[in-house]
$ cat input_19.cif   # mmCIF, N, CA and C atoms and all ligand atoms
data_model
#
loop_
_atom_site.label_atom_id
_atom_site.label_comp_id
_atom_site.auth_asym_id
_atom_site.auth_seq_id
_atom_site.Cartn_x
_atom_site.Cartn_y
_atom_site.Cartn_z
N MET A 1 169.17 41.77 -57.38
CA MET A 1 167.98 42.36 -57.99
C MET A 1 166.74 41.94 -57.18
N PRO A 2 165.90 42.88 -56.77
CA PRO A 2 164.74 42.52 -55.96
C PRO A 2 163.72 41.71 -56.76
N VAL A 3 163.12 40.74 -56.08
CA VAL A 3 162.08 39.93 -56.71
C VAL A 3 160.77 40.71 -56.65
N PRO A 4 160.09 40.88 -57.80
CA PRO A 4 158.82 41.63 -57.78
C PRO A 4 157.78 40.94 -56.90
N ALA A 5 157.02 41.74 -56.16
CA ALA A 5 155.98 41.18 -55.29
C ALA A 5 154.92 40.49 -56.15
N GLN A 6 154.49 39.32 -55.68
CA GLN A 6 153.48 38.57 -56.42
C GLN A 6 152.11 39.22 -56.21
N ILE A 7 151.37 39.37 -57.30
CA ILE A 7 150.04 39.97 -57.21
C ILE A 7 149.07 38.91 -56.70
N ASP A 8 148.29 39.27 -55.70
CA ASP A 8 147.28 38.34 -55.19
C ASP A 8 146.24 38.10 -56.29
N PRO A 9 145.98 36.83 -56.64
CA PRO A 9 145.09 36.57 -57.77
C PRO A 9 143.65 37.03 -57.53
N ILE A 10 143.22 37.08 -56.27
CA ILE A 10 141.86 37.54 -55.99
C ILE A 10 141.80 39.07 -56.05
N ASP A 11 142.85 39.73 -55.55
CA ASP A 11 142.90 41.19 -55.67
C ASP A 11 142.91 41.58 -57.15
N GLU A 12 143.66 40.82 -57.93
CA GLU A 12 143.73 41.10 -59.37
C GLU A 12 142.35 40.95 -60.00
N LEU A 13 141.62 39.91 -59.58
CA LEU A 13 140.26 39.70 -60.08
C LEU A 13 139.36 40.88 -59.71
N LEU A 14 139.38 41.27 -58.45
CA LEU A 14 138.51 42.37 -58.00
C LEU A 14 138.85 43.68 -58.72
N ALA A 15 140.13 43.89 -58.97
CA ALA A 15 140.55 45.12 -59.65
C ALA A 15 140.14 45.12 -61.12
N SER A 16 139.79 43.95 -61.65
CA SER A 16 139.47 43.86 -63.08
C SER A 16 138.04 44.29 -63.40
N PHE A 17 137.22 44.45 -62.38
CA PHE A 17 135.84 44.85 -62.65
C PHE A 17 135.77 46.33 -63.02
N LYS A 18 134.92 46.63 -63.99
CA LYS A 18 134.81 48.00 -64.48
C LYS A 18 134.17 48.91 -63.43
N ASP A 19 133.28 48.33 -62.63
CA ASP A 19 132.60 49.15 -61.63
C ASP A 19 132.21 48.27 -60.45
N ASP A 20 131.54 48.86 -59.49
CA ASP A 20 131.14 48.12 -58.29
C ASP A 20 129.76 47.52 -58.47
N GLY A 21 129.56 46.79 -59.53
CA GLY A 21 128.27 46.19 -59.83
C GLY A 21 127.98 44.96 -58.99
N ALA A 22 126.83 44.34 -59.28
CA ALA A 22 126.36 43.21 -58.49
C ALA A 22 127.32 42.03 -58.54
N VAL A 23 127.90 41.77 -59.70
CA VAL A 23 128.79 40.62 -59.81
C VAL A 23 130.04 40.83 -58.95
N LYS A 24 130.57 42.04 -59.00
CA LYS A 24 131.75 42.32 -58.16
C LYS A 24 131.41 42.12 -56.69
N ARG A 25 130.24 42.56 -56.29
CA ARG A 25 129.86 42.39 -54.88
C ARG A 25 129.74 40.91 -54.52
N ARG A 26 129.22 40.12 -55.46
CA ARG A 26 129.12 38.68 -55.18
C ARG A 26 130.51 38.04 -55.09
N VAL A 27 131.41 38.49 -55.93
CA VAL A 27 132.78 37.96 -55.89
C VAL A 27 133.46 38.37 -54.58
N GLU A 28 133.21 39.61 -54.16
CA GLU A 28 133.77 40.07 -52.88
C GLU A 28 133.25 39.21 -51.73
N ALA A 29 131.96 38.87 -51.78
CA ALA A 29 131.38 38.03 -50.73
C ALA A 29 132.04 36.65 -50.74
N SER A 30 132.33 36.14 -51.93
CA SER A 30 132.98 34.84 -52.04
C SER A 30 134.41 34.91 -51.50
N ALA A 31 135.08 36.02 -51.77
CA ALA A 31 136.44 36.21 -51.25
C ALA A 31 136.42 36.26 -49.72
N THR A 32 135.39 36.87 -49.18
CA THR A 32 135.25 36.92 -47.72
C THR A 32 135.02 35.52 -47.16
N ALA A 33 134.19 34.74 -47.86
CA ALA A 33 133.93 33.36 -47.43
C ALA A 33 135.22 32.53 -47.48
N LEU A 34 136.02 32.80 -48.48
CA LEU A 34 137.29 32.08 -48.62
C LEU A 34 138.18 32.34 -47.40
N ALA A 35 138.16 33.57 -46.93
CA ALA A 35 139.01 33.94 -45.80
C ALA A 35 138.67 33.12 -44.55
N GLY A 36 137.43 32.63 -44.46
CA GLY A 36 137.02 31.86 -43.29
C GLY A 36 137.21 30.36 -43.43
N MET A 37 137.78 29.94 -44.54
CA MET A 37 137.94 28.49 -44.78
C MET A 37 139.16 27.91 -44.08
N ASP A 38 139.18 26.61 -44.01
CA ASP A 38 140.34 25.89 -43.53
C ASP A 38 141.58 26.37 -44.30
N PRO A 39 142.66 26.69 -43.61
CA PRO A 39 143.84 27.26 -44.29
C PRO A 39 144.41 26.37 -45.40
N HIS A 40 144.37 25.06 -45.18
CA HIS A 40 144.92 24.15 -46.21
C HIS A 40 144.09 24.25 -47.48
N ARG A 41 142.77 24.21 -47.34
CA ARG A 41 141.91 24.34 -48.52
C ARG A 41 142.08 25.72 -49.17
N ARG A 42 142.17 26.74 -48.35
CA ARG A 42 142.33 28.11 -48.86
C ARG A 42 143.61 28.24 -49.70
N ARG A 43 144.68 27.64 -49.22
CA ARG A 43 145.95 27.69 -49.99
C ARG A 43 145.80 27.00 -51.33
N GLN A 44 145.15 25.85 -51.33
CA GLN A 44 144.94 25.13 -52.60
C GLN A 44 144.10 25.96 -53.57
N ILE A 45 143.05 26.57 -53.05
CA ILE A 45 142.17 27.37 -53.90
C ILE A 45 142.92 28.58 -54.47
N ARG A 46 143.68 29.26 -53.62
CA ARG A 46 144.44 30.42 -54.10
C ARG A 46 145.44 30.01 -55.18
N ALA A 47 146.09 28.89 -54.98
CA ALA A 47 147.06 28.42 -55.97
C ALA A 47 146.35 28.10 -57.29
N ARG A 48 145.17 27.50 -57.19
CA ARG A 48 144.41 27.16 -58.40
C ARG A 48 143.97 28.43 -59.13
N ILE A 49 143.48 29.41 -58.38
CA ILE A 49 143.04 30.67 -58.99
C ILE A 49 144.19 31.36 -59.72
N ALA A 50 145.37 31.30 -59.11
CA ALA A 50 146.52 31.97 -59.73
C ALA A 50 146.89 31.35 -61.07
N GLU A 51 146.51 30.10 -61.29
CA GLU A 51 146.87 29.40 -62.53
C GLU A 51 145.88 29.65 -63.66
N MET A 52 144.70 30.18 -63.34
CA MET A 52 143.66 30.26 -64.38
C MET A 52 143.54 31.68 -64.94
N PRO A 53 142.99 31.80 -66.14
CA PRO A 53 142.81 33.13 -66.70
C PRO A 53 141.86 33.96 -65.84
N LEU A 54 142.07 35.24 -65.90
CA LEU A 54 141.24 36.16 -65.12
C LEU A 54 139.76 35.95 -65.38
N SER A 55 139.41 35.71 -66.63
CA SER A 55 138.00 35.60 -67.00
C SER A 55 137.31 34.37 -66.39
N SER A 56 138.08 33.40 -65.89
CA SER A 56 137.47 32.20 -65.30
C SER A 56 137.46 32.24 -63.78
N ARG A 57 138.12 33.21 -63.20
CA ARG A 57 138.28 33.22 -61.73
C ARG A 57 136.98 33.49 -60.98
N SER A 58 136.14 34.34 -61.53
CA SER A 58 134.92 34.72 -60.82
C SER A 58 134.02 33.50 -60.59
N ALA A 59 133.75 32.76 -61.65
CA ALA A 59 132.88 31.58 -61.52
C ALA A 59 133.50 30.55 -60.58
N TYR A 60 134.79 30.35 -60.73
CA TYR A 60 135.48 29.37 -59.87
C TYR A 60 135.40 29.79 -58.40
N LEU A 61 135.72 31.06 -58.12
CA LEU A 61 135.73 31.52 -56.73
C LEU A 61 134.35 31.40 -56.11
N ARG A 62 133.32 31.77 -56.87
CA ARG A 62 131.96 31.68 -56.34
C ARG A 62 131.56 30.23 -56.11
N ALA A 63 132.02 29.34 -56.96
CA ALA A 63 131.68 27.92 -56.79
C ALA A 63 132.35 27.33 -55.55
N VAL A 64 133.64 27.59 -55.39
CA VAL A 64 134.32 26.99 -54.23
C VAL A 64 133.86 27.61 -52.91
N ALA A 65 133.31 28.83 -52.99
CA ALA A 65 132.79 29.49 -51.79
C ALA A 65 131.33 29.10 -51.52
N LYS A 66 130.81 28.19 -52.35
CA LYS A 66 129.42 27.72 -52.22
C LYS A 66 128.43 28.87 -52.41
N GLN A 67 128.80 29.78 -53.31
CA GLN A 67 127.94 30.94 -53.57
C GLN A 67 127.60 31.04 -55.05
N ALA A 68 127.66 29.91 -55.73
CA ALA A 68 127.33 29.87 -57.16
C ALA A 68 126.08 29.02 -57.36
N SER A 69 125.39 29.29 -58.43
CA SER A 69 124.30 28.41 -58.83
C SER A 69 124.92 27.11 -59.34
N PRO A 70 124.14 26.01 -59.37
CA PRO A 70 124.69 24.77 -59.97
C PRO A 70 125.18 25.00 -61.40
N ARG A 71 124.47 25.81 -62.16
CA ARG A 71 124.87 26.11 -63.54
C ARG A 71 126.26 26.76 -63.58
N LEU A 72 126.48 27.73 -62.69
CA LEU A 72 127.78 28.41 -62.68
C LEU A 72 128.89 27.48 -62.21
N ALA A 73 128.57 26.61 -61.25
CA ALA A 73 129.57 25.65 -60.78
C ALA A 73 129.96 24.67 -61.88
N ILE A 74 128.98 24.26 -62.67
CA ILE A 74 129.27 23.36 -63.80
C ILE A 74 130.15 24.09 -64.82
N LYS A 75 129.83 25.35 -65.06
CA LYS A 75 130.67 26.13 -65.98
C LYS A 75 132.11 26.18 -65.48
N ALA A 76 132.27 26.46 -64.19
CA ALA A 76 133.62 26.54 -63.63
C ALA A 76 134.35 25.21 -63.82
N HIS A 77 133.65 24.12 -63.58
CA HIS A 77 134.29 22.80 -63.71
C HIS A 77 134.64 22.49 -65.16
N CYS A 78 133.70 22.74 -66.05
CA CYS A 78 133.96 22.44 -67.47
C CYS A 78 135.09 23.30 -68.01
N MET A 79 135.14 24.56 -67.64
CA MET A 79 136.21 25.42 -68.13
C MET A 79 137.57 24.89 -67.67
N GLU A 80 137.64 24.48 -66.43
CA GLU A 80 138.90 23.93 -65.94
C GLU A 80 139.25 22.63 -66.65
N CYS A 81 138.24 21.80 -66.82
CA CYS A 81 138.43 20.49 -67.46
C CYS A 81 139.01 20.65 -68.87
N CYS A 82 138.56 21.68 -69.57
CA CYS A 82 138.95 21.87 -70.97
C CYS A 82 140.06 22.89 -71.16
N GLY A 83 140.75 23.24 -70.11
CA GLY A 83 141.87 24.16 -70.27
C GLY A 83 141.46 25.58 -70.56
N TRP A 84 140.29 25.96 -70.06
CA TRP A 84 139.81 27.35 -70.08
C TRP A 84 139.36 27.81 -71.46
N GLY A 85 139.02 26.88 -72.32
CA GLY A 85 138.57 27.28 -73.65
C GLY A 85 137.09 27.03 -73.83
N ARG A 86 136.36 28.09 -74.17
CA ARG A 86 134.91 27.95 -74.39
C ARG A 86 134.62 27.00 -75.55
N ARG A 87 135.37 27.16 -76.61
CA ARG A 87 135.12 26.30 -77.77
C ARG A 87 135.36 24.83 -77.41
N ALA A 88 136.39 24.60 -76.61
CA ALA A 88 136.69 23.22 -76.21
C ALA A 88 135.54 22.64 -75.39
N VAL A 89 134.95 23.48 -74.54
CA VAL A 89 133.80 23.01 -73.76
C VAL A 89 132.63 22.74 -74.71
N ALA A 90 132.38 23.66 -75.61
CA ALA A 90 131.26 23.48 -76.55
C ALA A 90 131.42 22.21 -77.37
N GLU A 91 132.68 21.90 -77.73
CA GLU A 91 132.94 20.75 -78.59
C GLU A 91 133.43 19.54 -77.80
N CYS A 92 133.20 19.54 -76.51
CA CYS A 92 133.67 18.46 -75.63
C CYS A 92 133.22 17.09 -76.17
N THR A 93 134.16 16.19 -76.20
CA THR A 93 133.85 14.84 -76.67
C THR A 93 133.78 13.83 -75.52
N GLY A 94 133.69 14.33 -74.32
CA GLY A 94 133.53 13.44 -73.17
C GLY A 94 132.07 13.04 -73.02
N PHE A 95 131.59 12.34 -74.02
CA PHE A 95 130.15 12.05 -74.10
C PHE A 95 129.61 11.28 -72.90
N ALA A 96 130.48 10.56 -72.23
CA ALA A 96 130.03 9.77 -71.08
C ALA A 96 130.08 10.57 -69.77
N CYS A 97 130.58 11.77 -69.84
CA CYS A 97 130.67 12.60 -68.62
C CYS A 97 129.27 12.93 -68.13
N PRO A 98 129.02 12.82 -66.84
CA PRO A 98 127.68 13.14 -66.32
C PRO A 98 127.30 14.60 -66.48
N LEU A 99 128.28 15.46 -66.75
CA LEU A 99 127.98 16.89 -66.94
C LEU A 99 127.80 17.26 -68.41
N TRP A 100 127.99 16.31 -69.29
CA TRP A 100 128.01 16.64 -70.72
C TRP A 100 126.74 17.36 -71.17
N GLU A 101 125.59 16.87 -70.75
CA GLU A 101 124.33 17.50 -71.16
C GLU A 101 124.14 18.87 -70.51
N TYR A 102 124.89 19.15 -69.48
CA TYR A 102 124.72 20.39 -68.73
C TYR A 102 125.82 21.41 -69.01
N ARG A 103 126.82 21.04 -69.82
CA ARG A 103 127.97 21.92 -70.02
C ARG A 103 127.51 23.21 -70.71
N PRO A 104 128.22 24.32 -70.42
CA PRO A 104 127.86 25.59 -71.06
C PRO A 104 128.34 25.67 -72.49
N PHE A 105 127.93 26.74 -73.16
CA PHE A 105 128.39 27.10 -74.50
C PHE A 105 127.92 26.12 -75.58
N GLN A 106 126.82 25.42 -75.34
CA GLN A 106 126.30 24.51 -76.36
C GLN A 106 125.58 25.28 -77.46
N SER A 107 125.15 26.49 -77.13
CA SER A 107 124.52 27.32 -78.15
C SER A 107 125.09 28.72 -78.03
N SER A 108 124.86 29.55 -79.05
CA SER A 108 125.39 30.90 -79.01
C SER A 108 124.77 31.69 -77.86
N ALA A 109 123.56 31.32 -77.47
CA ALA A 109 122.91 32.02 -76.36
C ALA A 109 123.68 31.83 -75.06
N ASP A 110 124.38 30.68 -74.93
CA ASP A 110 125.16 30.43 -73.73
C ASP A 110 126.35 31.38 -73.62
N SER A 111 126.84 31.84 -74.75
CA SER A 111 128.03 32.69 -74.75
C SER A 111 127.70 34.15 -74.54
N GLU A 112 126.44 34.49 -74.74
CA GLU A 112 126.04 35.88 -74.60
C GLU A 112 125.44 36.10 -73.22
N GLY A 113 125.56 37.30 -72.74
CA GLY A 113 124.92 37.67 -71.49
C GLY A 113 125.44 36.90 -70.29
N ASP A 114 126.68 36.48 -70.36
CA ASP A 114 127.27 35.76 -69.25
C ASP A 114 127.65 36.76 -68.16
N GLU A 115 126.91 36.75 -67.09
CA GLU A 115 127.10 37.80 -66.10
C GLU A 115 128.50 37.80 -65.48
N ASP A 116 129.14 36.65 -65.44
CA ASP A 116 130.46 36.63 -64.81
C ASP A 116 131.53 37.24 -65.68
N ASP A 117 131.29 37.34 -66.96
CA ASP A 117 132.27 37.96 -67.84
C ASP A 117 131.88 39.41 -68.14
N ALA A 118 130.60 39.72 -67.95
CA ALA A 118 130.09 40.99 -68.45
C ALA A 118 130.69 42.20 -67.77
N GLU A 119 131.06 42.07 -66.52
CA GLU A 119 131.48 43.27 -65.80
C GLU A 119 133.00 43.41 -65.70
N HIS A 120 133.73 42.52 -66.38
CA HIS A 120 135.18 42.63 -66.35
C HIS A 120 135.66 43.70 -67.30
N ALA A 121 136.73 44.33 -66.92
CA ALA A 121 137.33 45.35 -67.78
C ALA A 121 138.14 44.71 -68.90
N ASP A 122 138.48 43.42 -68.77
CA ASP A 122 139.35 42.81 -69.77
C ASP A 122 138.61 42.41 -71.02
S1 LIG B 1 131.17 17.90 -69.93
FE1 LIG B 1 133.17 17.81 -70.95
S2 LIG B 1 134.16 19.72 -70.32
FE2 LIG B 1 132.48 19.37 -68.87
S3 LIG B 1 133.43 18.24 -67.17
FE3 LIG B 1 132.56 16.74 -68.61
S4 LIG B 1 134.29 16.14 -69.92
FE4 LIG B 1 134.83 18.09 -68.91
#

$ encode --input "input_19.cif" --output "structure tokens" --more "lines below"
Ligand code: SF4
Amino acid sequence: MPVPAQIDPIDELLASFKDDGAVKRRVEASATALAGMDPHRRRQIRARIAEMPLSSRSAYLRAVAKQASPRLAIKAHCMECCGWGRRAVAECTGFACPLWEYRPFQSSADSEGDEDDAEHAD
């Protein structure tokens, strides 16, 4: 029985955008930056992206490509730290963490208008 071809996690991310909006273009630029990275780091990043939910890939990819704001990079880190759950980040009990005061989703306003989630079809 043939083994199904593995879907590239970045292609899957790009295909998930509803249209060719600004966020998709930024993600495409980050994917291009990834292509120019050291192959060992690139392999690690691709493996990490494949493990995370689609909705978290955009922020992560932009952060590792050095194309994210500090706020977005913190979001990417906190989401990974908490197993990709917004509520877990909001209710994080890592009070001594240096990012605790900066973590996203502390208020309902943080959950709304999130540009990295807004343009996904999912
Ligand atoms: S603030 Fe909480 S969720 Fe964010 S990195 Fe620190 S311990 Fe993890």

$ residues_near_ligand --input "input_19.cif" --ligand "ligand LIG 1 (chain B)" --cutoff "7 Å" --atoms "only N, CA and C atoms and all ligand atoms" --output "list of chain:residue names"
A:Ile74, A:His77, A:Cys78, A:Met79, A:Glu80, A:Cys81, A:Cys82, A:Ala88, A:Val89, A:Ala90, A:Cys92, A:Thr93, A:Gly94, A:Phe95, A:Ala96, A:Cys97, A:Pro98, A:Leu99, A:Trp100, A:Glu101, A:Tyr102, A:Arg103, A:Pro104

$ closest_residue --input "input_19.cif" --among "A:Ala68, A:Pro39, A:Leu13, A:Thr32" --to "A:Ser56" --atoms "only C-alpha atoms"
A:Leu13

$ atom_distance --input "input_19.cif" --atom1 "atom C of A:Arg42" --atom2 "atom CA of A:Ile10"
11.4 Å

$ atom_distance --input "input_19.cif" --atom1 "atom N of A:Ala33" --atom2 "atom C of A:Arg62"
9.8 Å

$ atom_distance --input "input_19.cif" --atom1 "atom C of A:Ala22" --atom2 "atom C of A:Gly36"
21.5 Å

$ select_by_dssp --input "input_19.cif" --residues "chain A" --states "helix (DSSP H, G or I)" --output "PyMOL selection string"
chain A and resi 9-15+22-35+39-51+54-64+70-81+86-90+100-102+108-111+115-118

$ closest_residue --input "input_19.cif" --among "A:Pro9, A:Arg41, A:Leu54, A:Leu14" --to "A:Glu28" --atoms "all atoms listed in the file"
A:Leu14

$ residues_around --input "input_19.cif" --residues "A:Val27" --least-positions-apart "4" --cutoff "7 Å" --atoms "only C-alpha atoms" --output "ChimeraX atom specification"
/A:23,31,58,62

$ decode --input "input_19.cif" --residues "stretch 28-63 of chain A" --atoms "N, CA and C atoms" --output "CSV table (one decimal), in the first residue's frame"
chain,number,residue,atom,x,y,z
A,28,GLU,N,4.4,34.6,3.7
A,28,GLU,CA,5.1,34.2,2.5
A,28,GLU,C,6.6,34.7,2.6
A,29,ALA,N,6.7,36.0,3.1
A,29,ALA,CA,8.1,36.5,3.2
A,29,ALA,C,8.9,35.8,4.2
A,30,SER,N,8.2,35.4,5.3
A,30,SER,CA,8.9,34.6,6.3
A,30,SER,C,9.3,33.2,5.8
A,31,ALA,N,8.4,32.6,5.0
A,31,ALA,CA,8.8,31.3,4.4
A,31,ALA,C,10.0,31.5,3.5
A,32,THR,N,10.0,32.6,2.8
A,32,THR,CA,11.2,32.8,1.9
A,32,THR,C,12.5,33.0,2.8
A,33,ALA,N,12.3,33.7,3.9
A,33,ALA,CA,13.5,33.9,4.8
A,33,ALA,C,13.9,32.5,5.3
A,34,LEU,N,13.0,31.7,5.6
A,34,LEU,CA,13.3,30.3,6.1
A,34,LEU,C,14.2,29.6,5.1
A,35,ALA,N,13.8,29.7,3.9
A,35,ALA,CA,14.5,29.0,2.8
A,35,ALA,C,16.0,29.3,2.8
A,36,GLY,N,16.4,30.5,3.3
A,36,GLY,CA,17.8,31.0,3.2
A,36,GLY,C,18.5,30.6,4.5
A,37,MET,N,17.9,30.0,5.4
A,37,MET,CA,18.5,29.7,6.7
A,37,MET,C,19.4,28.5,6.7
A,38,ASP,N,20.3,28.3,7.7
A,38,ASP,CA,21.1,27.2,7.9
A,38,ASP,C,20.2,25.9,7.8
A,39,PRO,N,20.6,24.9,7.0
A,39,PRO,CA,19.7,23.8,6.8
A,39,PRO,C,19.3,23.0,8.1
A,40,HIS,N,20.3,23.0,9.1
A,40,HIS,CA,20.0,22.3,10.3
A,40,HIS,C,18.9,23.0,11.1
A,41,ARG,N,19.0,24.4,11.2
A,41,ARG,CA,18.0,25.1,11.8
A,41,ARG,C,16.6,25.0,11.1
A,42,ARG,N,16.7,25.1,9.8
A,42,ARG,CA,15.5,25.0,8.9
A,42,ARG,C,14.7,23.7,9.2
A,43,ARG,N,15.5,22.6,9.3
A,43,ARG,CA,14.9,21.3,9.5
A,43,ARG,C,14.2,21.3,10.9
A,44,GLN,N,14.8,21.8,11.9
A,44,GLN,CA,14.2,21.9,13.2
A,44,GLN,C,12.9,22.7,13.2
A,45,ILE,N,13.0,23.9,12.5
A,45,ILE,CA,11.8,24.7,12.5
A,45,ILE,C,10.7,24.1,11.8
A,46,ARG,N,11.0,23.4,10.6
A,46,ARG,CA,9.9,22.7,9.9
A,46,ARG,C,9.3,21.6,10.7
A,47,ALA,N,10.1,20.9,11.5
A,47,ALA,CA,9.6,19.8,12.3
A,47,ALA,C,8.7,20.4,13.4
A,48,ARG,N,9.1,21.5,14.0
A,48,ARG,CA,8.3,22.2,15.0
A,48,ARG,C,7.0,22.7,14.5
A,49,ILE,N,7.0,23.3,13.3
A,49,ILE,CA,5.8,23.8,12.7
A,49,ILE,C,4.8,22.6,12.4
A,50,ALA,N,5.3,21.5,12.0
A,50,ALA,CA,4.5,20.4,11.7
A,50,ALA,C,3.7,19.9,12.9
A,51,GLU,N,4.3,20.1,14.1
A,51,GLU,CA,3.7,19.6,15.3
A,51,GLU,C,2.6,20.5,15.9
A,52,MET,N,2.6,21.8,15.4
A,52,MET,CA,1.7,22.7,16.1
A,52,MET,C,0.4,22.9,15.3
A,53,PRO,N,-0.7,23.4,15.9
A,53,PRO,CA,-1.9,23.7,15.2
A,53,PRO,C,-1.7,24.7,14.1
A,54,LEU,N,-2.5,24.6,13.1
A,54,LEU,CA,-2.4,25.6,12.0
A,54,LEU,C,-2.5,27.0,12.5
A,55,SER,N,-3.4,27.3,13.4
A,55,SER,CA,-3.6,28.6,13.9
A,55,SER,C,-2.5,29.3,14.6
A,56,SER,N,-1.5,28.4,15.0
A,56,SER,CA,-0.3,29.0,15.7
A,56,SER,C,0.9,29.1,14.8
A,57,ARG,N,0.8,28.6,13.6
A,57,ARG,CA,2.0,28.5,12.7
A,57,ARG,C,2.4,29.9,12.2
A,58,SER,N,1.5,30.8,11.9
A,58,SER,CA,1.8,32.0,11.3
A,58,SER,C,2.7,32.9,12.3
A,59,ALA,N,2.3,33.0,13.5
A,59,ALA,CA,3.1,33.8,14.5
A,59,ALA,C,4.5,33.1,14.7
A,60,TYR,N,4.5,31.8,14.8
A,60,TYR,CA,5.7,31.1,15.0
A,60,TYR,C,6.7,31.4,13.9
A,61,LEU,N,6.2,31.1,12.6
A,61,LEU,CA,7.0,31.3,11.5
A,61,LEU,C,7.6,32.7,11.3
A,62,ARG,N,6.8,33.7,11.6
A,62,ARG,CA,7.2,35.1,11.5
A,62,ARG,C,8.3,35.4,12.6
A,63,ALA,N,8.1,34.8,13.8
A,63,ALA,CA,9.1,35.0,14.8
A,63,ALA,C,10.4,34.4,14.5
